[in-house]
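Chemist: Pasting target12.pdb below, which is PDB, C-alpha atoms, pLDDT in the B column.
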```pdb
ATOM      1  CA  MET R   1     -56.998-157.425-147.219  1.00 43.00           C
ATOM      2  CA  PRO R   2     -54.860-158.674-144.372  1.00 45.00           C
ATOM      3  CA  LEU R   3     -51.417-159.939-145.170  1.00 49.00           C
ATOM      4  CA  ASP R   4     -50.735-163.624-145.001  1.00 45.00           C
ATOM      5  CA  THR R   5     -47.727-163.893-142.782  1.00 41.00           C
ATOM      6  CA  ALA R   6     -48.045-167.624-142.128  1.00 39.00           C
ATOM      7  CA  GLN R   7     -45.012-169.650-143.071  1.00 37.00           C
ATOM      8  CA  THR R   8     -47.133-172.047-145.119  1.00 36.00           C
ATOM      9  CA  GLY R   9     -47.356-169.532-147.975  1.00 41.00           C
ATOM     10  CA  PRO R  10     -49.992-167.138-149.229  1.00 42.00           C
ATOM     11  CA  ARG R  11     -53.657-168.035-149.203  1.00 42.00           C
ATOM     12  CA  PRO R  12     -55.834-167.211-152.192  1.00 46.00           C
ATOM     13  CA  GLY R  13     -57.007-163.591-152.183  1.00 61.00           C
ATOM     14  CA  ARG R  14     -54.326-162.364-149.814  1.00 72.00           C
ATOM     15  CA  LEU R  15     -51.202-160.378-150.549  1.00 77.00           C
ATOM     16  CA  THR R  16     -47.852-161.458-149.259  1.00 86.00           C
ATOM     17  CA  SER R  17     -45.789-158.944-147.352  1.00 88.00           C
ATOM     18  CA  HIS R  18     -43.453-158.710-150.359  1.00 91.00           C
ATOM     19  CA  GLU R  19     -46.333-157.988-152.767  1.00 91.00           C
ATOM     20  CA  THR R  20     -47.702-155.332-150.446  1.00 92.00           C
ATOM     21  CA  ARG R  21     -44.319-153.639-150.184  1.00 93.00           C
ATOM     22  CA  GLN R  22     -44.001-153.701-153.995  1.00 95.00           C
ATOM     23  CA  ARG R  23     -47.383-151.991-154.395  1.00 94.00           C
ATOM     24  CA  LEU R  24     -46.512-149.378-151.803  1.00 95.00           C
ATOM     25  CA  GLU R  25     -43.106-148.753-153.417  1.00 95.00           C
ATOM     26  CA  HIS R  26     -44.825-148.304-156.780  1.00 95.00           C
ATOM     27  CA  ALA R  27     -47.278-145.813-155.249  1.00 95.00           C
ATOM     28  CA  ARG R  28     -44.394-143.940-153.586  1.00 94.00           C
ATOM     29  CA  ASN R  29     -42.321-143.834-156.783  1.00 95.00           C
ATOM     30  CA  SER R  30     -45.308-142.564-158.772  1.00 94.00           C
ATOM     31  CA  ARG R  31     -45.868-139.715-156.307  1.00 94.00           C
ATOM     32  CA  LEU R  32     -42.174-138.818-156.267  1.00 93.00           C
ATOM     33  CA  ALA R  33     -42.227-138.666-160.080  1.00 93.00           C
ATOM     34  CA  GLN R  34     -45.245-136.358-159.867  1.00 91.00           C
ATOM     35  CA  LEU R  35     -43.355-134.086-157.467  1.00 90.00           C
ATOM     36  CA  ARG R  36     -40.365-133.945-159.844  1.00 88.00           C
ATOM     37  CA  ALA R  37     -42.671-133.081-162.740  1.00 87.00           C
ATOM     38  CA  LEU R  38     -44.295-130.326-160.681  1.00 82.00           C
ATOM     39  CA  ASP R  39     -40.895-128.909-159.779  1.00 80.00           C
ATOM     40  CA  GLU R  40     -39.912-128.862-163.442  1.00 77.00           C
ATOM     41  CA  SER R  41     -43.114-127.132-164.534  1.00 72.00           C
ATOM     42  CA  ALA R  42     -43.393-124.782-161.559  1.00 64.00           C
ATOM     43  CA  GLN R  43     -41.870-121.842-163.412  1.00 66.00           C
ATOM     44  CA  SER R  44     -44.547-121.852-166.102  1.00 64.00           C
ATOM     45  CA  ALA R  45     -47.529-122.790-163.931  1.00 62.00           C
ATOM     46  CA  ASP R  46     -49.731-120.985-161.423  1.00 77.00           C
ATOM     47  CA  ALA R  47     -47.829-121.016-158.123  1.00 78.00           C
ATOM     48  CA  HIS R  48     -50.995-121.555-156.078  1.00 79.00           C
ATOM     49  CA  LEU R  49     -51.981-124.610-158.138  1.00 83.00           C
ATOM     50  CA  VAL R  50     -48.481-126.094-157.948  1.00 83.00           C
ATOM     51  CA  SER R  51     -48.434-125.541-154.195  1.00 86.00           C
ATOM     52  CA  ALA R  52     -51.791-127.273-153.727  1.00 89.00           C
ATOM     53  CA  GLN R  53     -50.725-130.220-155.873  1.00 91.00           C
ATOM     54  CA  THR R  54     -47.430-130.515-154.007  1.00 91.00           C
ATOM     55  CA  GLU R  55     -49.206-130.535-150.639  1.00 94.00           C
ATOM     56  CA  ALA R  56     -51.633-133.238-151.828  1.00 94.00           C
ATOM     57  CA  ILE R  57     -48.779-135.423-153.050  1.00 95.00           C
ATOM     58  CA  GLN R  58     -46.881-134.917-149.781  1.00 96.00           C
ATOM     59  CA  ARG R  59     -49.990-136.056-147.848  1.00 96.00           C
ATOM     60  CA  VAL R  60     -50.151-139.245-149.935  1.00 96.00           C
ATOM     61  CA  LEU R  61     -46.430-139.879-149.380  1.00 97.00           C
ATOM     62  CA  THR R  62     -47.046-139.626-145.633  1.00 97.00           C
ATOM     63  CA  GLU R  63     -49.931-142.096-145.940  1.00 96.00           C
ATOM     64  CA  ILE R  64     -47.653-144.477-147.857  1.00 97.00           C
ATOM     65  CA  ASP R  65     -45.017-144.280-145.117  1.00 97.00           C
ATOM     66  CA  GLU R  66     -47.715-145.001-142.533  1.00 97.00           C
ATOM     67  CA  ALA R  67     -48.855-148.004-144.605  1.00 97.00           C
ATOM     68  CA  PHE R  68     -45.302-149.378-144.548  1.00 96.00           C
ATOM     69  CA  ALA R  69     -45.410-149.091-140.741  1.00 97.00           C
ATOM     70  CA  ARG R  70     -48.710-151.017-140.693  1.00 96.00           C
ATOM     71  CA  VAL R  71     -47.110-153.756-142.798  1.00 95.00           C
ATOM     72  CA  GLU R  72     -44.321-153.987-140.229  1.00 95.00           C
ATOM     73  CA  ASP R  73     -46.631-154.078-137.208  1.00 95.00           C
ATOM     74  CA  GLY R  74     -49.081-156.519-138.808  1.00 94.00           C
ATOM     75  CA  THR R  75     -52.091-154.204-139.035  1.00 95.00           C
ATOM     76  CA  TYR R  76     -51.979-153.534-142.783  1.00 96.00           C
ATOM     77  CA  GLY R  77     -55.274-154.327-144.480  1.00 95.00           C
ATOM     78  CA  THR R  78     -57.335-153.885-141.341  1.00 96.00           C
ATOM     79  CA  CYS R  79     -59.665-150.864-141.265  1.00 97.00           C
ATOM     80  CA  GLN R  80     -58.667-148.408-138.548  1.00 96.00           C
ATOM     81  CA  GLY R  81     -62.298-147.406-138.160  1.00 96.00           C
ATOM     82  CA  CYS R  82     -64.133-150.713-137.723  1.00 97.00           C
ATOM     83  CA  ALA R  83     -61.245-153.220-137.448  1.00 96.00           C
ATOM     84  CA  LYS R  84     -62.657-155.324-140.299  1.00 97.00           C
ATOM     85  CA  PRO R  85     -60.539-156.364-143.296  1.00 96.00           C
ATOM     86  CA  VAL R  86     -60.310-153.736-146.035  1.00 96.00           C
ATOM     87  CA  PRO R  87     -61.557-155.329-149.291  1.00 95.00           C
ATOM     88  CA  ALA R  88     -58.807-156.518-151.633  1.00 92.00           C
ATOM     89  CA  GLU R  89     -60.201-154.428-154.475  1.00 94.00           C
ATOM     90  CA  ARG R  90     -59.827-151.248-152.414  1.00 95.00           C
ATOM     91  CA  LEU R  91     -56.245-152.107-151.485  1.00 94.00           C
ATOM     92  CA  GLU R  92     -55.447-152.710-155.148  1.00 92.00           C
ATOM     93  CA  ILE R  93     -56.599-149.188-155.989  1.00 92.00           C
ATOM     94  CA  LEU R  94     -55.314-147.462-152.835  1.00 94.00           C
ATOM     95  CA  PRO R  95     -52.629-149.694-151.308  1.00 95.00           C
ATOM     96  CA  TYR R  96     -52.007-147.127-148.577  1.00 96.00           C
ATOM     97  CA  THR R  97     -55.624-146.722-147.419  1.00 96.00           C
ATOM     98  CA  ARG R  98     -56.376-146.944-143.722  1.00 96.00           C
ATOM     99  CA  TYR R  99     -60.131-147.394-144.007  1.00 96.00           C
ATOM    100  CA  CYS R 100     -62.844-149.413-145.702  1.00 96.00           C
ATOM    101  CA  VAL R 101     -65.189-147.335-147.889  1.00 95.00           C
ATOM    102  CA  ALA R 102     -67.820-146.838-145.174  1.00 95.00           C
ATOM    103  CA  CYS R 103     -65.324-145.724-142.559  1.00 95.00           C
ATOM    104  CA  GLN R 104     -63.497-143.495-145.050  1.00 93.00           C
ATOM    105  CA  GLY R 105     -66.789-141.698-145.663  1.00 90.00           C
ATOM    106  CA  ARG R 106     -67.225-141.121-141.933  1.00 89.00           C
ATOM    107  CA  ALA R 107     -63.586-140.020-141.522  1.00 85.00           C
ATOM    108  CA  THR R 108     -63.891-137.351-144.221  1.00 83.00           C
ATOM    109  CA  ALA R 109     -67.423-136.220-143.338  1.00 77.00           C
TER
END
```
Kindly return the structure encoded in the file as structure tokens.
Modeler:
Amino acid sequence: MPLDTAQTGPRPGRLTSHETRQRLEHARNSRLAQLRALDESAQSADAHLVSAQTEAIQRVLTEIDEAFARVEDGTYGTCQGCAKPVPAERLEILPYTRYCVACQGRATA
């Protein structure tokens, strides 16, 4: 879902830049809370499992930072694979995604 950056206000079905930043901040804060919880439980948990979880969370944090950059450069909500708009529903679930579902499948295949 591309951002509506027009000065006339948001159009139906589009996120404002502020709303997008709020969603990304929420995703970032959730991941940081997960990292803190992992750190606190690391002494009683399997080190390999904690390490894998930490790496996965760090990857998502990097994706969130990259999404903030896309907001700034105006490319947020546009699939990096096919250049079509990423569906709003997908961005609601994964606000930091770079791809539509079809292109994500190709990127991870």
Chemist: Which value, in Å to one decimal, gives the distance between CA of Thr78 in chain R and CA of Cys100 in chain R?
Modeler: 8.3 Å
Chemist: Neighbours of Arg70 in chain R within 12 Å (only C-alpha atoms; same-chain residues fewer than 3 positions away dropped), as number ranges by chain?
Modeler: R: 2-3, 17, 20-21, 24, 63-67, 73-80, 95-98
Chemist: Kindly resolve the PyMOL selection byres ((chain R and resi 87) around 8) on the present coordinates and return the residues as a PDB file with C-alpha atoms, in the frame of the given file.
Modeler:
```
ATOM      1  CA  MET R   1     -56.998-157.425-147.219  1.00 43.00           C
ATOM      2  CA  GLY R  77     -55.274-154.327-144.480  1.00 95.00           C
ATOM      3  CA  PRO R  85     -60.539-156.364-143.296  1.00 96.00           C
ATOM      4  CA  VAL R  86     -60.310-153.736-146.035  1.00 96.00           C
ATOM      5  CA  ALA R  88     -58.807-156.518-151.633  1.00 92.00           C
ATOM      6  CA  GLU R  89     -60.201-154.428-154.475  1.00 94.00           C
ATOM      7  CA  ARG R  90     -59.827-151.248-152.414  1.00 95.00           C
ATOM      8  CA  LEU R  91     -56.245-152.107-151.485  1.00 94.00           C
ATOM      9  CA  CYS R 100     -62.844-149.413-145.702  1.00 96.00           C
TER      10      CYS R 100
END
```
Chemist: Please provide as a ChimeraX atom specification all residues within 12 Å of range 48-60 of chain R, with the sequence filter that same-chain residues fewer than 6 positions apart are discarded (counting all atoms listed in the file).
Modeler: /R:24,27-42,66-67,94-98
Chemist: Nearest to His18 in chain R among R:Tyr99, R:Ile93, R:Phe68, R:Asp46, with distances taken over all atoms listed in the file: which residue is it?
Modeler: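 Comparing R:Tyr99, R:Ile93, R:Phe68, R:Asp46 against His18 in chain R, the winner is R:Phe68.
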Chemist: Using only C-alpha atoms, pick whichever of R:Ala47, R:Ala102, R:Gln22, R:Ala109 has the shortest atom-to-atom distance to Lys84 in chain R.
Modeler: R:Ala102
Chemist: What gap, in Å, lies between CA of Glu92 in chain R and CA of Thr16 in chain R?
Modeler: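 A separation of 13.0 Å between them.
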Chemist: Write out all heavy atoms for range 19-30 of chain R, as a PDB file, in the frame of the given file.
Modeler:
```
ATOM      1  N   GLU R  19     -45.448-158.597-151.777  1.00 91.00           N
ATOM      2  CA  GLU R  19     -46.333-157.988-152.767  1.00 91.00           C
ATOM      3  C   GLU R  19     -46.871-156.647-152.279  1.00 91.00           C
ATOM      4  O   GLU R  19     -46.956-155.690-153.053  1.00 91.00           O
ATOM      5  CB  GLU R  19     -47.503-158.925-153.092  1.00 91.00           C
ATOM      6  CG  GLU R  19     -47.101-160.160-153.852  1.00 91.00           C
ATOM      7  CD  GLU R  19     -48.197-161.208-153.919  1.00 91.00           C
ATOM      8  OE1 GLU R  19     -49.007-161.312-152.976  1.00 91.00           O
ATOM      9  OE2 GLU R  19     -48.237-161.920-154.923  1.00 91.00           O
ATOM     10  N   THR R  20     -47.203-156.583-151.017  1.00 92.00           N
ATOM     11  CA  THR R  20     -47.702-155.332-150.446  1.00 92.00           C
ATOM     12  C   THR R  20     -46.631-154.262-150.502  1.00 92.00           C
ATOM     13  O   THR R  20     -46.888-153.130-150.911  1.00 92.00           O
ATOM     14  CB  THR R  20     -48.157-155.547-148.997  1.00 92.00           C
ATOM     15  OG1 THR R  20     -49.224-156.500-149.000  1.00 92.00           O
ATOM     16  CG2 THR R  20     -48.636-154.253-148.367  1.00 92.00           C
ATOM     17  N   ARG R  21     -45.423-154.604-150.126  1.00 93.00           N
ATOM     18  CA  ARG R  21     -44.319-153.639-150.184  1.00 93.00           C
ATOM     19  C   ARG R  21     -44.076-153.168-151.620  1.00 93.00           C
ATOM     20  O   ARG R  21     -43.815-151.988-151.849  1.00 93.00           O
ATOM     21  CB  ARG R  21     -43.059-154.249-149.592  1.00 93.00           C
ATOM     22  CG  ARG R  21     -43.070-154.304-148.089  1.00 93.00           C
ATOM     23  CD  ARG R  21     -41.737-154.790-147.530  1.00 93.00           C
ATOM     24  NE  ARG R  21     -41.766-154.831-146.089  1.00 93.00           N
ATOM     25  CZ  ARG R  21     -42.181-155.868-145.380  1.00 93.00           C
ATOM     26  NH1 ARG R  21     -42.588-156.963-145.987  1.00 93.00           N
ATOM     27  NH2 ARG R  21     -42.184-155.832-144.066  1.00 93.00           N
ATOM     28  N   GLN R  22     -44.178-154.083-152.591  1.00 95.00           N
ATOM     29  CA  GLN R  22     -44.001-153.701-153.995  1.00 95.00           C
ATOM     30  C   GLN R  22     -45.065-152.691-154.414  1.00 95.00           C
ATOM     31  O   GLN R  22     -44.757-151.708-155.096  1.00 95.00           O
ATOM     32  CB  GLN R  22     -44.082-154.932-154.897  1.00 95.00           C
ATOM     33  CG  GLN R  22     -42.832-155.763-154.904  1.00 95.00           C
ATOM     34  CD  GLN R  22     -42.952-156.913-155.872  1.00 95.00           C
ATOM     35  OE1 GLN R  22     -43.979-157.580-155.959  1.00 95.00           O
ATOM     36  NE2 GLN R  22     -41.890-157.157-156.628  1.00 95.00           N
ATOM     37  N   ARG R  23     -46.306-152.922-154.040  1.00 94.00           N
ATOM     38  CA  ARG R  23     -47.383-151.991-154.395  1.00 94.00           C
ATOM     39  C   ARG R  23     -47.174-150.633-153.746  1.00 94.00           C
ATOM     40  O   ARG R  23     -47.394-149.601-154.365  1.00 94.00           O
ATOM     41  CB  ARG R  23     -48.736-152.563-154.007  1.00 94.00           C
ATOM     42  CG  ARG R  23     -49.160-153.685-154.901  1.00 94.00           C
ATOM     43  CD  ARG R  23     -50.509-154.197-154.548  1.00 94.00           C
ATOM     44  NE  ARG R  23     -50.818-155.325-155.404  1.00 94.00           N
ATOM     45  CZ  ARG R  23     -52.013-155.794-155.597  1.00 94.00           C
ATOM     46  NH1 ARG R  23     -53.035-155.234-154.989  1.00 94.00           N
ATOM     47  NH2 ARG R  23     -52.216-156.823-156.375  1.00 94.00           N
ATOM     48  N   LEU R  24     -46.753-150.644-152.499  1.00 95.00           N
ATOM     49  CA  LEU R  24     -46.512-149.378-151.803  1.00 95.00           C
ATOM     50  C   LEU R  24     -45.318-148.652-152.411  1.00 95.00           C
ATOM     51  O   LEU R  24     -45.356-147.427-152.571  1.00 95.00           O
ATOM     52  CB  LEU R  24     -46.310-149.620-150.307  1.00 95.00           C
ATOM     53  CG  LEU R  24     -47.560-150.058-149.544  1.00 95.00           C
ATOM     54  CD1 LEU R  24     -47.189-150.514-148.138  1.00 95.00           C
ATOM     55  CD2 LEU R  24     -48.589-148.934-149.501  1.00 95.00           C
ATOM     56  N   GLU R  25     -44.265-149.372-152.763  1.00 95.00           N
ATOM     57  CA  GLU R  25     -43.106-148.753-153.417  1.00 95.00           C
ATOM     58  C   GLU R  25     -43.511-148.143-154.751  1.00 95.00           C
ATOM     59  O   GLU R  25     -43.073-147.052-155.094  1.00 95.00           O
ATOM     60  CB  GLU R  25     -41.980-149.768-153.632  1.00 95.00           C
ATOM     61  CG  GLU R  25     -41.176-150.078-152.405  1.00 95.00           C
ATOM     62  CD  GLU R  25     -40.353-148.905-151.889  1.00 95.00           C
ATOM     63  OE1 GLU R  25     -40.059-147.963-152.663  1.00 95.00           O
ATOM     64  OE2 GLU R  25     -40.011-148.928-150.704  1.00 95.00           O
ATOM     65  N   HIS R  26     -44.349-148.839-155.503  1.00 95.00           N
ATOM     66  CA  HIS R  26     -44.825-148.304-156.780  1.00 95.00           C
ATOM     67  C   HIS R  26     -45.612-147.015-156.550  1.00 95.00           C
ATOM     68  O   HIS R  26     -45.416-146.017-157.270  1.00 95.00           O
ATOM     69  CB  HIS R  26     -45.690-149.335-157.506  1.00 95.00           C
ATOM     70  CG  HIS R  26     -46.282-148.817-158.773  1.00 95.00           C
ATOM     71  ND1 HIS R  26     -45.537-148.607-159.915  1.00 95.00           N
ATOM     72  CD2 HIS R  26     -47.542-148.423-159.073  1.00 95.00           C
ATOM     73  CE1 HIS R  26     -46.307-148.125-160.865  1.00 95.00           C
ATOM     74  NE2 HIS R  26     -47.539-148.002-160.379  1.00 95.00           N
ATOM     75  N   ALA R  27     -46.493-147.018-155.552  1.00 95.00           N
ATOM     76  CA  ALA R  27     -47.278-145.813-155.249  1.00 95.00           C
ATOM     77  C   ALA R  27     -46.353-144.673-154.837  1.00 95.00           C
ATOM     78  O   ALA R  27     -46.530-143.531-155.269  1.00 95.00           O
ATOM     79  CB  ALA R  27     -48.300-146.106-154.150  1.00 95.00           C
ATOM     80  N   ARG R  28     -45.348-144.964-154.021  1.00 94.00           N
ATOM     81  CA  ARG R  28     -44.394-143.940-153.586  1.00 94.00           C
ATOM     82  C   ARG R  28     -43.621-143.384-154.774  1.00 94.00           C
ATOM     83  O   ARG R  28     -43.494-142.165-154.944  1.00 94.00           O
ATOM     84  CB  ARG R  28     -43.423-144.501-152.558  1.00 94.00           C
ATOM     85  CG  ARG R  28     -42.355-143.474-152.148  1.00 94.00           C
ATOM     86  CD  ARG R  28     -41.279-144.056-151.299  1.00 94.00           C
ATOM     87  NE  ARG R  28     -41.765-144.264-149.951  1.00 94.00           N
ATOM     88  CZ  ARG R  28     -41.269-145.177-149.125  1.00 94.00           C
ATOM     89  NH1 ARG R  28     -40.303-145.969-149.516  1.00 94.00           N
ATOM     90  NH2 ARG R  28     -41.742-145.289-147.907  1.00 94.00           N
ATOM     91  N   ASN R  29     -43.100-144.274-155.624  1.00 95.00           N
ATOM     92  CA  ASN R  29     -42.321-143.834-156.783  1.00 95.00           C
ATOM     93  C   ASN R  29     -43.159-142.994-157.742  1.00 95.00           C
ATOM     94  O   ASN R  29     -42.663-142.027-158.322  1.00 95.00           O
ATOM     95  CB  ASN R  29     -41.705-145.032-157.499  1.00 95.00           C
ATOM     96  CG  ASN R  29     -40.604-145.680-156.682  1.00 95.00           C
ATOM     97  OD1 ASN R  29     -40.006-145.058-155.815  1.00 95.00           O
ATOM     98  ND2 ASN R  29     -40.350-146.949-156.939  1.00 95.00           N
ATOM     99  N   SER R  30     -44.422-143.353-157.909  1.00 94.00           N
ATOM    100  CA  SER R  30     -45.308-142.564-158.772  1.00 94.00           C
ATOM    101  C   SER R  30     -45.480-141.155-158.219  1.00 94.00           C
ATOM    102  O   SER R  30     -45.443-140.171-158.972  1.00 94.00           O
ATOM    103  CB  SER R  30     -46.676-143.233-158.886  1.00 94.00           C
ATOM    104  OG  SER R  30     -46.567-144.471-159.539  1.00 94.00           O
TER     105      SER R  30
END
```
